[in-house]
Amino acid sequence: MAISEKYEKKIESAALPQKTKDQLRKFLDGKDISDTQFKQILDRVLKEYLSTRIEACEAVGVIAAQSIGEPGTQMTMRTFHYAGVAEINVTLGLPRLIEIMDARKEPSTPTMTVYLELEYGNDRDRAREVSWQIEAAPLHEFGDITTDMENMHVIVHLNTKVCEKRKITPAEIMETGPKKIRDRRHYRDFEHEINDETATITFSPKNKESYQNLFQLAEHVRNVIVQGIDDILRVVVRKETGEYILYTEGSNIKDVFDVVGVDTTRTRTNNISEIASVLGIEAARNAIIHEAVSTLNEQGILVDVRHIMLVSDMMCMEGEVKQIGRHGIAGEKESVLSRAAFEVTVNHLLDAAVANEIDELSGVTENVIVGQPIQLGTGDVKLIAVRQQDN
């Protein structure tokens with residue numbers, strides 16, 4: 001009998017978090033131990049769990065701020081290159097931590113780590129095929145583009161060998177190109193003709209009197225994306241831990257998830273707002289924790305994950321990702337004095353006076369300002385002297 005079944009009831013009844021119970025089951029599974037040993041293990045786990053819980057009235061916010069802020073002063077400001085590949089830069093260090101805490105809509109260097117399903121991740125050729133489905137490929141990579149100034153035409157001759165290598169048919173390119181110029185590049189002043197036999201597309205501007213229109217059309221034709229995802233400029237395939245992984249410059253998690261061969265359970269992006277919109281607020285919360293921990297660990301700074309989890313919970317608790325600054329959490333506090341102590345002091349005080357706001361003086365900042373004990377730790381306890389009457 002597996003040990004996890006033998007002691008299932010005892011583990012389930014223990015006053016422990018579910019994750020700890022699961023880890024304990026996994027650890028004990030298949031091990032042959034006595035009742036005395038099991039009791040010792042359970043007592044030790046319980047003792048360790050209780051010792052890591054915070055005291056009542058603990059100032060967790062102040063401690064979390066200090067735990068993240070103090071080592072943050074030692075962080076460098078730099079970008080990181082993936083294994084010498086000059087094309088892909090990733091912002092790390094203090095600028096990245098600021099981006100996370102400011103809940104920027106778009107990171108300065110958006111990037112994705114795309115994991116592949118088993119049959120694709122173990123085969124370099126198939127991994128490369130997936131990368132072609134993701135990496136944005138402009139039309140000029142698939143053939144020769146010439147500008148015929150005499151007849152006012154832009155002529156595209158597709159190279160069928162390149163198309164065959166990139167696993168895309170000339171017919172698909174000829175259909176996608178003109179459509180994307182209209183839809184994605186928002187340029188409609190042209191007409192086009194397709195010749196399937198010679199794999200040629202002839203574009204001509206509607207206004208045939210203007211060379212400027214011809215050159216503008218030629219620029220659109222050269223750069224229209226006909227294969228891959230528009231937002232992903234470059235893909236690098238690297239082999240790590242026995243499987244091929246794709247690293248991208250640019251991010252579009254929604255479209256990447258639609259590509260055949262992508263393992264959606266492990267693929268991630270450093271764009272937190274994109275995660276929130278595609279996968280939801282819980283995924284965004286986990287992304288904030290992962291990104292902050294990774295950024296700190298990369299520089300050898302170890303911060304207890306619970307401090308970062310507290311900050312992440314505060315940022316996501318209202319169903320959307322909010323920044324820590326005055327346009328987010330700090331600017332939406334109930335206390336007038338607390339808001340005023342952070343930034344733009346006079347504006348907050350004027351607005352509060354006009355709106356006839358009242359400050360309950362319940363937080364740390366406002367009580368420090370007025371010189372009262374804060375309502376945390378020993379300051380949260382009030383003693384009342386009761387005189388006992390004689391019978």
# chains A, B, ... in the order shown; residues from 1 in each chain; ligands from 1

call {"tool": "residues_around", "arguments": {"residues": "segment 92-109 of chain A", "least_positions_apart": "2", "cutoff": "8 Å", "atoms": "only C-alpha atoms", "output": "PyMOL selection string"}}
result
chain A and resi 72+75-80+89-90+111+249-250+270-274+288+291-292+295-296+299+321-325

call {"tool": "residues_around", "arguments": {"residues": "Thr200 of chain A", "least_positions_apart": "5", "cutoff": "8 Å", "atoms": "only C-alpha atoms", "output": "PyMOL selection string"}}
result
chain A and resi 155-158+174+194-195

call {"tool": "write_last_selection", "arguments": {"atoms": "C-alpha atoms", "output": "tab-separated table (two decimals), in the first residue's frame"}}
result
chain	number	residue	atom	x	y	z
A	155	ILE	CA	6.12	43.64	-60.08
A	156	VAL	CA	6.74	40.80	-57.61
A	157	HIS	CA	8.35	37.60	-58.98
A	158	LEU	CA	8.04	34.89	-56.31
A	174	MET	CA	-0.38	36.19	-53.54
A	194	ILE	CA	-2.21	37.83	-60.03
A	195	ASN	CA	-0.60	35.42	-62.49

call {"tool": "closest_residue", "arguments": {"among": "A:Val162, A:Leu116, A:Val336, A:Met149", "to": "Ala355 of chain A", "atoms": "only C-alpha atoms"}}
result
A:Val336

call {"tool": "closest_residue", "arguments": {"among": "A:Asp123, A:Asp148, A:Glu172, A:Glu343", "to": "Ala199 of chain A", "atoms": "only C-alpha atoms"}}
result
A:Glu172

call {"tool": "atom_distance", "arguments": {"atom1": "atom CA of Val45 of chain A", "atom2": "atom CA of Ser312 of chain A"}}
result
27.0 Å

call {"tool": "select_by_dssp", "arguments": {"residues": "segment 7-200 of chain A", "states": "strand (DSSP E)", "output": "short mmCIF file (atom, residue, chain, number, x, y, z; two decimals) with C-alpha atoms, in the first residue's frame"}}
result
data_model
loop_
_atom_site.label_atom_id
_atom_site.label_comp_id
_atom_site.auth_asym_id
_atom_site.auth_seq_id
_atom_site.Cartn_x
_atom_site.Cartn_y
_atom_site.Cartn_z
CA MET A 77 21.07 49.09 -15.11
CA ARG A 78 21.81 46.97 -18.17
CA THR A 79 20.39 44.91 -21.00
CA PHE A 80 21.11 41.25 -21.56
CA HIS A 81 22.02 39.45 -24.79
CA ASN A 89 18.00 42.31 -26.17
CA VAL A 90 16.16 41.86 -22.89
CA THR A 91 15.92 44.65 -20.32
CA LEU A 92 16.99 43.41 -16.90
CA THR A 111 10.04 39.03 -25.72
CA MET A 112 8.57 35.53 -25.55
CA THR A 113 9.94 32.14 -24.56
CA VAL A 114 8.07 29.65 -26.77
CA ALA A 137 8.56 37.50 -42.94
CA PRO A 138 8.12 40.47 -45.35
CA GLY A 143 11.26 36.85 -54.38
CA ASP A 144 12.38 39.82 -56.49
CA ILE A 145 10.48 43.11 -56.46
CA THR A 146 11.02 45.50 -59.37
CA THR A 147 9.57 48.95 -60.01
CA ASP A 148 8.55 49.55 -63.64
CA HIS A 153 3.88 48.98 -61.99
CA VAL A 154 5.46 47.24 -59.01
CA ILE A 155 6.12 43.64 -60.08
CA VAL A 156 6.74 40.80 -57.61
CA HIS A 157 8.35 37.60 -58.98
CA LEU A 158 8.04 34.89 -56.31
CA PHE A 190 -3.73 50.50 -55.55
CA GLU A 191 -4.92 47.71 -57.83
CA HIS A 192 -3.29 44.33 -58.38
CA GLU A 193 -3.26 41.41 -60.82
CA ILE A 194 -2.21 37.83 -60.03
CA ASN A 195 -0.60 35.42 -62.49
CA THR A 200 3.78 37.00 -60.28
#

call {"tool": "residues_around", "arguments": {"residues": "Ile281 of chain A", "least_positions_apart": "6", "cutoff": "7 Å", "atoms": "only C-alpha atoms", "output": "PyMOL selection string"}}
result
chain A and resi 316+319-320

call {"tool": "write_last_selection", "arguments": {"atoms": "N, CA and C atoms", "output": "short mmCIF file (atom, residue, chain, number, x, y, z; two decimals), in the first residue's frame"}}
result
data_model
loop_
_atom_site.label_atom_id
_atom_site.label_comp_id
_atom_site.auth_asym_id
_atom_site.auth_seq_id
_atom_site.Cartn_x
_atom_site.Cartn_y
_atom_site.Cartn_z
N CYS A 316 -3.15 43.38 -8.26
CA CYS A 316 -4.18 42.68 -9.05
C CYS A 316 -5.51 42.49 -8.33
N GLY A 319 -9.04 43.15 -10.01
CA GLY A 319 -9.41 42.56 -11.29
C GLY A 319 -8.68 43.12 -12.48
N GLU A 320 -7.82 44.11 -12.28
CA GLU A 320 -6.97 44.63 -13.35
C GLU A 320 -5.61 44.94 -12.77
#

call {"tool": "closest_residue", "arguments": {"among": "A:Lys239, A:Ile229, A:Gly177, A:Arg326", "to": "Thr345 of chain A", "atoms": "only C-alpha atoms"}}
result
A:Arg326

call {"tool": "select_by_dssp", "arguments": {"residues": "segment 177-372 of chain A", "states": "alpha helix (DSSP H)", "output": "short mmCIF file (atom, residue, chain, number, x, y, z; two decimals) with N, CA and C atoms, in the first residue's frame"}}
result
data_model
loop_
_atom_site.label_atom_id
_atom_site.label_comp_id
_atom_site.auth_asym_id
_atom_site.auth_seq_id
_atom_site.Cartn_x
_atom_site.Cartn_y
_atom_site.Cartn_z
N GLY A 177 -0.71 38.93 -49.44
CA GLY A 177 -0.02 40.21 -49.62
C GLY A 177 -0.94 41.40 -49.81
N PRO A 178 -1.73 41.44 -50.91
CA PRO A 178 -2.62 42.60 -51.14
C PRO A 178 -3.61 42.84 -50.00
N LYS A 179 -4.13 41.72 -49.43
CA LYS A 179 -5.11 41.85 -48.33
C LYS A 179 -4.49 42.53 -47.12
N LYS A 180 -3.24 42.13 -46.80
CA LYS A 180 -2.58 42.71 -45.62
C LYS A 180 -2.16 44.16 -45.85
N ILE A 181 -1.84 44.51 -47.08
CA ILE A 181 -1.49 45.92 -47.35
C ILE A 181 -2.71 46.79 -47.03
N ARG A 182 -3.89 46.29 -47.42
CA ARG A 182 -5.12 47.05 -47.16
C ARG A 182 -5.48 47.05 -45.66
N ASP A 183 -5.43 45.86 -45.04
CA ASP A 183 -5.94 45.73 -43.67
C ASP A 183 -4.94 46.20 -42.61
N TYR A 211 4.57 59.75 -59.37
CA TYR A 211 5.66 58.81 -59.04
C TYR A 211 5.74 58.59 -57.53
N GLN A 212 5.35 59.60 -56.78
CA GLN A 212 5.39 59.47 -55.31
C GLN A 212 4.49 58.31 -54.86
N ASN A 213 3.31 58.22 -55.47
CA ASN A 213 2.39 57.12 -55.15
C ASN A 213 2.99 55.77 -55.51
N LEU A 214 3.72 55.72 -56.63
CA LEU A 214 4.36 54.47 -57.08
C LEU A 214 5.41 54.01 -56.06
N PHE A 215 6.25 54.96 -55.63
CA PHE A 215 7.32 54.61 -54.68
C PHE A 215 6.73 54.26 -53.31
N GLN A 216 5.65 54.95 -52.95
CA GLN A 216 4.98 54.64 -51.67
C GLN A 216 4.39 53.23 -51.72
N LEU A 217 3.79 52.89 -52.85
CA LEU A 217 3.23 51.55 -53.04
C LEU A 217 4.34 50.50 -52.99
N ALA A 218 5.48 50.79 -53.66
CA ALA A 218 6.60 49.85 -53.67
C ALA A 218 7.11 49.57 -52.26
N GLU A 219 7.14 50.61 -51.42
CA GLU A 219 7.58 50.45 -50.02
C GLU A 219 6.62 49.55 -49.25
N HIS A 220 5.33 49.76 -49.44
CA HIS A 220 4.33 48.91 -48.77
C HIS A 220 4.45 47.45 -49.23
N VAL A 221 4.64 47.26 -50.55
CA VAL A 221 4.74 45.90 -51.10
C VAL A 221 5.97 45.19 -50.53
N ARG A 222 7.10 45.89 -50.49
CA ARG A 222 8.34 45.27 -49.98
C ARG A 222 8.18 44.79 -48.54
N ASN A 223 7.51 45.58 -47.71
CA ASN A 223 7.52 45.33 -46.26
C ASN A 223 6.26 44.67 -45.71
N ILE A 253 1.06 36.85 -27.63
CA ILE A 253 0.78 35.53 -27.05
C ILE A 253 -0.48 34.91 -27.64
N LYS A 254 -1.45 35.75 -28.01
CA LYS A 254 -2.73 35.25 -28.53
C LYS A 254 -2.52 34.51 -29.86
N ASP A 255 -1.77 35.14 -30.78
CA ASP A 255 -1.55 34.52 -32.09
C ASP A 255 -0.57 33.36 -32.02
N VAL A 256 0.43 33.45 -31.12
CA VAL A 256 1.41 32.35 -30.98
C VAL A 256 0.71 31.09 -30.47
N PHE A 257 -0.27 31.24 -29.59
CA PHE A 257 -1.02 30.09 -29.07
C PHE A 257 -1.76 29.34 -30.18
N ILE A 272 3.17 41.75 -19.27
CA ILE A 272 2.19 41.36 -18.24
C ILE A 272 0.77 41.80 -18.61
N SER A 273 0.64 42.98 -19.20
CA SER A 273 -0.71 43.45 -19.56
C SER A 273 -1.32 42.57 -20.65
N GLU A 274 -0.48 42.03 -21.53
CA GLU A 274 -0.94 41.12 -22.58
C GLU A 274 -1.44 39.81 -21.95
N ILE A 275 -0.72 39.31 -20.95
CA ILE A 275 -1.13 38.10 -20.23
C ILE A 275 -2.48 38.34 -19.56
N ALA A 276 -2.64 39.51 -18.94
CA ALA A 276 -3.91 39.83 -18.25
C ALA A 276 -5.08 39.83 -19.24
N SER A 277 -4.87 40.39 -20.44
CA SER A 277 -5.97 40.50 -21.39
C SER A 277 -6.30 39.16 -22.05
N VAL A 278 -5.28 38.29 -22.23
CA VAL A 278 -5.50 37.01 -22.92
C VAL A 278 -5.86 35.89 -21.95
N LEU A 279 -5.12 35.80 -20.85
CA LEU A 279 -5.26 34.66 -19.93
C LEU A 279 -5.96 35.00 -18.61
N ILE A 281 -6.62 37.69 -14.94
CA ILE A 281 -5.90 38.39 -13.87
C ILE A 281 -5.05 37.46 -13.02
N GLU A 282 -5.49 36.20 -12.83
CA GLU A 282 -4.70 35.25 -12.02
C GLU A 282 -3.37 34.94 -12.71
N ALA A 283 -3.43 34.78 -14.04
CA ALA A 283 -2.21 34.53 -14.81
C ALA A 283 -1.29 35.75 -14.74
N ALA A 284 -1.88 36.95 -14.76
CA ALA A 284 -1.08 38.18 -14.67
C ALA A 284 -0.40 38.27 -13.31
N ARG A 285 -1.11 37.88 -12.26
CA ARG A 285 -0.53 37.88 -10.91
C ARG A 285 0.69 36.96 -10.86
N ASN A 286 0.53 35.75 -11.41
CA ASN A 286 1.66 34.80 -11.43
C ASN A 286 2.81 35.33 -12.27
N ALA A 287 2.48 36.03 -13.35
CA ALA A 287 3.52 36.59 -14.23
C ALA A 287 4.31 37.67 -13.51
N ILE A 288 3.63 38.52 -12.73
CA ILE A 288 4.32 39.57 -11.97
C ILE A 288 5.30 38.93 -10.99
N ILE A 289 4.84 37.89 -10.28
CA ILE A 289 5.69 37.19 -9.31
C ILE A 289 6.91 36.59 -10.03
N HIS A 290 6.65 35.87 -11.13
CA HIS A 290 7.73 35.19 -11.87
C HIS A 290 8.74 36.20 -12.41
N GLU A 291 8.24 37.28 -13.02
CA GLU A 291 9.14 38.27 -13.63
C GLU A 291 9.98 38.98 -12.56
N ALA A 292 9.35 39.35 -11.43
CA ALA A 292 10.08 40.04 -10.36
C ALA A 292 11.14 39.13 -9.74
N VAL A 293 10.76 37.89 -9.45
CA VAL A 293 11.70 36.92 -8.86
C VAL A 293 12.86 36.66 -9.83
N SER A 294 12.55 36.47 -11.12
CA SER A 294 13.60 36.21 -12.12
C SER A 294 14.56 37.38 -12.23
N THR A 295 14.01 38.60 -12.24
CA THR A 295 14.84 39.81 -12.37
C THR A 295 15.79 39.95 -11.18
N LEU A 296 15.27 39.70 -9.97
CA LEU A 296 16.10 39.81 -8.77
C LEU A 296 17.13 38.68 -8.70
N ASN A 297 16.69 37.44 -8.98
CA ASN A 297 17.60 36.29 -8.90
C ASN A 297 18.73 36.37 -9.92
N GLU A 298 18.43 36.95 -11.08
CA GLU A 298 19.44 37.06 -12.14
C GLU A 298 20.65 37.86 -11.66
N VAL A 305 9.81 35.13 -1.56
CA VAL A 305 8.76 35.26 -2.58
C VAL A 305 7.47 35.81 -1.98
N ARG A 306 7.26 35.65 -0.68
CA ARG A 306 6.00 36.12 -0.08
C ARG A 306 5.89 37.64 -0.08
N HIS A 307 7.03 38.33 -0.03
CA HIS A 307 6.99 39.80 -0.12
C HIS A 307 6.53 40.22 -1.52
N ILE A 308 7.06 39.53 -2.53
CA ILE A 308 6.69 39.85 -3.92
C ILE A 308 5.23 39.45 -4.16
N MET A 309 4.80 38.32 -3.56
CA MET A 309 3.40 37.89 -3.69
C MET A 309 2.45 38.93 -3.11
N LEU A 310 2.84 39.55 -2.00
CA LEU A 310 1.99 40.59 -1.38
C LEU A 310 1.84 41.79 -2.32
N VAL A 311 2.95 42.22 -2.90
CA VAL A 311 2.91 43.35 -3.85
C VAL A 311 2.05 42.98 -5.06
N SER A 312 2.23 41.75 -5.57
CA SER A 312 1.47 41.30 -6.73
C SER A 312 -0.03 41.24 -6.42
N ASP A 313 -0.37 40.76 -5.23
CA ASP A 313 -1.79 40.71 -4.81
C ASP A 313 -2.39 42.11 -4.76
N MET A 314 -1.62 43.07 -4.23
CA MET A 314 -2.11 44.45 -4.15
C MET A 314 -2.35 45.01 -5.56
N MET A 315 -1.46 44.68 -6.50
CA MET A 315 -1.58 45.21 -7.86
C MET A 315 -2.78 44.63 -8.60
N CYS A 316 -3.15 43.38 -8.26
CA CYS A 316 -4.18 42.68 -9.05
C CYS A 316 -5.51 42.49 -8.33
N VAL A 336 -6.45 60.70 2.94
CA VAL A 336 -6.00 61.91 2.25
C VAL A 336 -4.51 62.15 2.52
N LEU A 337 -4.12 62.05 3.79
CA LEU A 337 -2.73 62.32 4.15
C LEU A 337 -1.77 61.31 3.53
N SER A 338 -2.22 60.06 3.43
CA SER A 338 -1.38 59.02 2.82
C SER A 338 -1.15 59.32 1.34
N ARG A 339 -2.20 59.75 0.63
CA ARG A 339 -2.07 60.13 -0.78
C ARG A 339 -1.15 61.34 -0.92
N ALA A 340 -1.35 62.31 -0.03
CA ALA A 340 -0.57 63.55 -0.09
C ALA A 340 0.91 63.30 0.21
N ALA A 341 1.19 62.30 1.04
CA ALA A 341 2.59 62.02 1.42
C ALA A 341 3.36 61.39 0.28
N PHE A 342 2.66 60.84 -0.71
CA PHE A 342 3.35 60.11 -1.78
C PHE A 342 3.85 61.07 -2.86
N THR A 345 1.51 66.69 -3.42
CA THR A 345 0.89 66.91 -2.10
C THR A 345 -0.23 67.95 -2.15
N VAL A 346 0.07 69.12 -2.71
CA VAL A 346 -0.89 70.23 -2.68
C VAL A 346 -2.19 69.85 -3.40
N ASN A 347 -2.08 69.20 -4.54
CA ASN A 347 -3.28 68.83 -5.32
C ASN A 347 -4.21 67.94 -4.50
N HIS A 348 -3.63 66.94 -3.82
CA HIS A 348 -4.44 66.02 -3.01
C HIS A 348 -5.14 66.76 -1.88
N LEU A 349 -4.41 67.66 -1.21
CA LEU A 349 -5.00 68.39 -0.08
C LEU A 349 -6.11 69.34 -0.55
N LEU A 350 -5.89 70.00 -1.69
CA LEU A 350 -6.91 70.90 -2.24
C LEU A 350 -8.17 70.12 -2.64
N ASP A 351 -7.99 69.01 -3.35
CA ASP A 351 -9.12 68.19 -3.79
C ASP A 351 -9.90 67.67 -2.59
N ALA A 352 -9.18 67.25 -1.53
CA ALA A 352 -9.84 66.71 -0.33
C ALA A 352 -10.61 67.81 0.40
N ALA A 353 -10.05 69.02 0.42
CA ALA A 353 -10.73 70.14 1.09
C ALA A 353 -12.01 70.51 0.34
N VAL A 354 -11.94 70.54 -0.99
CA VAL A 354 -13.11 70.87 -1.81
C VAL A 354 -14.20 69.80 -1.63
N VAL A 364 -0.52 53.60 8.42
CA VAL A 364 0.80 53.92 9.00
C VAL A 364 1.17 55.37 8.71
N THR A 365 1.15 55.76 7.42
CA THR A 365 1.66 57.07 6.99
C THR A 365 0.98 58.22 7.71
N GLU A 366 -0.35 58.18 7.73
CA GLU A 366 -1.10 59.32 8.29
C GLU A 366 -0.88 59.48 9.79
N ASN A 367 -0.70 58.37 10.51
CA ASN A 367 -0.44 58.45 11.94
C ASN A 367 0.97 58.96 12.24
N VAL A 368 1.93 58.62 11.38
CA VAL A 368 3.29 59.16 11.54
C VAL A 368 3.27 60.68 11.32
N ILE A 369 2.47 61.14 10.32
CA ILE A 369 2.40 62.57 10.01
C ILE A 369 1.87 63.36 11.20
N VAL A 370 0.82 62.85 11.85
CA VAL A 370 0.20 63.60 12.96
C VAL A 370 0.82 63.27 14.31
#

call {"tool": "residues_around", "arguments": {"residues": "Tyr7 of chain A", "least_positions_apart": "2", "cutoff": "12 Å", "atoms": "only C-alpha atoms", "output": "list in words"}}
result
Met1, Ala2, Ile3, Ser4, Glu5, Lys9, Lys10, Ile11, Glu12, Ser13, Ala14, Lys21, Leu24, Arg25, Leu28, Asp29, Gly30, Lys31, Asp32, Ile33, Ser34, Asp35, Gln37, Phe38, Lys39, Ile41 and Leu42 of chain A

call {"tool": "write_last_selection", "arguments": {"atoms": "C-alpha atoms", "output": "mmCIF file, in the first residue's frame"}}
result
data_model
loop_
_atom_site.group_PDB
_atom_site.id
_atom_site.type_symbol
_atom_site.label_atom_id
_atom_site.label_comp_id
_atom_site.auth_asym_id
_atom_site.auth_seq_id
_atom_site.Cartn_x
_atom_site.Cartn_y
_atom_site.Cartn_z
ATOM 1 C CA MET A 1 0.000 0.000 0.000
ATOM 2 C CA ALA A 2 1.363 3.445 -0.883
ATOM 3 C CA ILE A 3 2.154 5.558 2.150
ATOM 4 C CA SER A 4 0.055 8.434 0.811
ATOM 5 C CA GLU A 5 -3.047 6.189 1.044
ATOM 6 C CA LYS A 9 -6.697 10.848 6.618
ATOM 7 C CA LYS A 10 -3.974 12.083 8.980
ATOM 8 C CA ILE A 11 -2.443 14.312 6.305
ATOM 9 C CA GLU A 12 -5.868 15.650 5.255
ATOM 10 C CA SER A 13 -6.845 16.499 8.839
ATOM 11 C CA ALA A 14 -3.559 18.346 9.561
ATOM 12 C CA LYS A 21 -0.153 18.539 1.997
ATOM 13 C CA LEU A 24 4.068 15.842 1.798
ATOM 14 C CA ARG A 25 2.077 13.150 -0.054
ATOM 15 C CA LEU A 28 6.029 10.029 1.429
ATOM 16 C CA ASP A 29 4.653 8.117 -1.552
ATOM 17 C CA GLY A 30 6.218 4.656 -1.803
ATOM 18 C CA LYS A 31 8.359 5.045 1.346
ATOM 19 C CA ASP A 32 8.113 2.439 4.097
ATOM 20 C CA ILE A 33 7.997 4.300 7.424
ATOM 21 C CA SER A 34 6.606 3.525 10.858
ATOM 22 C CA ASP A 35 3.786 5.332 12.655
ATOM 23 C CA GLN A 37 8.404 8.257 12.096
ATOM 24 C CA PHE A 38 5.263 9.561 10.339
ATOM 25 C CA LYS A 39 4.223 11.408 13.525
ATOM 26 C CA ILE A 41 7.615 14.087 10.154
ATOM 27 C CA LEU A 42 4.116 15.573 10.505
#

call {"tool": "closest_residue", "arguments": {"among": "A:Ile358, A:Glu55, A:Gln388, A:Glu141", "to": "Leu376 of chain A", "atoms": "only C-alpha atoms"}}
result
A:Glu55

call {"tool": "atom_distance", "arguments": {"atom1": "atom CA of Pro170 of chain A", "atom2": "atom CA of Asn151 of chain A"}}
result
24.4 Å
